[in-house]
Amino acid sequence: MPTIKIDGREIPFESGDTIIRAAHRSGIDIPHYCWHPGLSVAANCRMCLVEVLPPPGRPAMSLDILRWDPAKQDYVPAAKPKLQPACQMGCAPGMEVLSESSEHVAEARSAVQELLLLNHPVDCPICDQAGECRLQDYWLEHQRKGKRMQQEPVHKPKAVVFGPTIVYDAERCIVCTRCIRVCNELAKDPVLSVRERGNLGEITVSPGRELDHDYTLMTEHVCPVGALTSSDFRFKARVWFLRSARTVCQGCATGCNAYLDYDPRNNTPYRHRPRENMAVNTYWMCDDGMLSYRRAVEGRLLTALVGNDDASLDDALAAAKEQLAGHADDPSKVAIVLSAQHSNEDNFALYHLATTYLGATDFFVSGKPLGRGDEILMSEDKNPNTRGVMQIAAATPPRPVAELLQGIASGQYAFVLALGSDLEVDAGEAQRALSRLKGVVTIAAHEGPLAKAARVALPACSWAEAEGTYVNRKGMAQGSERAIRPHGDARPAWELIGRLGRTLGYATGWKTLADIRRAMPPGAAVAGGLSPAPAAPGGAPGPHAAAATAVADVARPEIKKTEATA
């Protein structure tokens, strides 16, 4: 592979690479604002200027300048090499680049930084970007001095509502055009543009439009300063108090890799951010996925229910035993409902209890109904683990819940043991049908039709409160880390199922996550945040979506926006 040298370090490059992309791949940081690995090159911020040495025997390209001479107290003629933007300059074999080791580059970066801050307001104490702002970072790294301009800075509009999710502050904007390129190239909706020139330039929304496509929060995510802020995150948390967990988005079957940022002091999640995975979501997430973190704590079932009354877990398990009394007399009367909303570990625990001990043969799968998709990231299947459920129960493929209701109407079933709370059928119809049964027990993280219809409901952890494995529509098993501590009386669903089995008199002996994973088929479980294994073989596409097979990479976690995510 051909190589270039950056500050004396030899690094490889691929055909078509620019200097900054080759450096980024090798872990070398070249400061930049406008460049993003997932967007086209703009080369307008000039922060990534580097010095490219001429080939042997050729003179360097230089510029005649005037430089201030402190001794003469006057400007004198001088020369300096012509610097090149690393984001635009292509690599060539044997090229030698000076970045950190060039005094001319250091001077240029300091000047660019000073220029960008000339009219920038001192909003850091109230700015959501504080703590992960490149203007702050690069001032410390490349400037470390006050601005020389004494005039009143240029004032521009502040707190401009661009749409339902984004608020814009033109005074903070450095016009890097990342947000414009996200709209043009990712969302395919060119709703943003630049008006005016020079220090009057600002981002504007097309007349008669709002910033309202499905990837608006990516404009805020890629903004390197505090110009674009999310209405959802605005003024809610300081990033230095937040910690990150490597999670899998629960919004649909795409399974976008994400960081869930949460405050361990109050056990509260505050935002989702995309986590780079070139095999799944590259650098991006849709708005629905970015906001899906709320479901980790909203609409939760936080205490066990017996009837409609709160109960302790021990009392609820005893009541569940009474509800399922007589199930062993005729296993064909027992219907098992798996959940496309829950992890492989949760579903395997219920499947193992049902097949090994209960003798059940009829399986169904619950989940959210189909929704809107696109050709970018959004899947019509709004469940994160449909494919995983179908693979775990491949020997007895789960059927839609609509068929369960038909079976209940015909008197085929007397007991239902269910996982999850969401149904793709009419909630009222489901509740009426389930009310006819002798026993209904549900393990659920959220309130919903299944939890309401159950005679006994056990509170399960949400996806953010328990480590788990989710198989996306491409058949990739991906691990999701636990972020926050369980709320209320919630426990991991696989643990509750194990306790229920023991209450019924069965040897469901798993008490730790490692126990349940040892019992699972190879490849069906992946440790949270680690590189995923190929999905377990078998299993046809489920009732929610089709699937293919692929391989995934998982990026390392960082609380601050990384080169790829910022």
# chains A, B, ... in the order shown; residues from 1 in each chain; ligands from 1
>>> residues_around(residues="Thr396 of chain A", least_positions_apart="6", cutoff="9 Å", atoms="only C-alpha atoms", output="list in words")
Thr361, Asp362, Phe363 and Met390 of chain A
>>> write_last_selection(atoms="all heavy atoms", output="mmCIF file, in the first residue's frame")
data_model
loop_
_atom_site.group_PDB
_atom_site.id
_atom_site.type_symbol
_atom_site.label_atom_id
_atom_site.label_comp_id
_atom_site.auth_asym_id
_atom_site.auth_seq_id
_atom_site.Cartn_x
_atom_site.Cartn_y
_atom_site.Cartn_z
ATOM 1 N N THR A 361 -46.071 -25.494 22.565
ATOM 2 C CA THR A 361 -45.681 -25.622 21.156
ATOM 3 C C THR A 361 -46.168 -24.467 20.292
ATOM 4 O O THR A 361 -45.792 -24.366 19.136
ATOM 5 C CB THR A 361 -46.220 -26.933 20.574
ATOM 6 O OG1 THR A 361 -47.654 -26.964 20.737
ATOM 7 C CG2 THR A 361 -45.603 -28.146 21.269
ATOM 8 N N ASP A 362 -47.037 -23.630 20.847
ATOM 9 C CA ASP A 362 -47.598 -22.520 20.084
ATOM 10 C C ASP A 362 -46.968 -21.207 20.541
ATOM 11 O O ASP A 362 -47.124 -20.797 21.699
ATOM 12 C CB ASP A 362 -49.110 -22.456 20.267
ATOM 13 C CG ASP A 362 -49.820 -23.600 19.543
ATOM 14 O OD1 ASP A 362 -49.134 -24.338 18.811
ATOM 15 O OD2 ASP A 362 -51.035 -23.752 19.731
ATOM 16 N N PHE A 363 -46.261 -20.563 19.602
ATOM 17 C CA PHE A 363 -45.548 -19.331 19.917
ATOM 18 C C PHE A 363 -46.047 -18.196 19.024
ATOM 19 O O PHE A 363 -46.359 -18.401 17.843
ATOM 20 C CB PHE A 363 -44.043 -19.519 19.731
ATOM 21 C CG PHE A 363 -43.424 -20.435 20.743
ATOM 22 C CD1 PHE A 363 -43.441 -21.812 20.565
ATOM 23 C CD2 PHE A 363 -42.846 -19.929 21.898
ATOM 24 C CE1 PHE A 363 -42.888 -22.669 21.496
ATOM 25 C CE2 PHE A 363 -42.289 -20.783 22.843
ATOM 26 C CZ PHE A 363 -42.313 -22.145 22.644
ATOM 27 N N MET A 390 -37.218 -14.523 15.686
ATOM 28 C CA MET A 390 -37.456 -15.572 14.696
ATOM 29 C C MET A 390 -36.328 -16.593 14.683
ATOM 30 O O MET A 390 -36.554 -17.780 14.419
ATOM 31 C CB MET A 390 -37.631 -14.951 13.315
ATOM 32 C CG MET A 390 -38.747 -13.918 13.216
ATOM 33 S SD MET A 390 -40.348 -14.496 13.837
ATOM 34 C CE MET A 390 -40.774 -15.699 12.585
#
>>> residues_around(residues="Asp64 of chain A", least_positions_apart="5", cutoff="8 Å", atoms="only C-alpha atoms", output="list in words")
Pro77, Ala78, Ala79 and Lys80 of chain A
>>> select_by_dssp(residues="segment 81-229 of chain A", states="strand (DSSP E or B)", output="VMD selection string")
chain A and resid 81 84 to 85 90 96 to 98 160 to 161 166 to 168 192 to 195 202 to 205 228 to 229
>>> residues_around(residues="segment 430-435 of chain A", least_positions_apart="6", cutoff="10 Å", atoms="only C-alpha atoms", output="PyMOL selection string")
chain A and resi 401-402+404-409+413-416+423-424+449-455
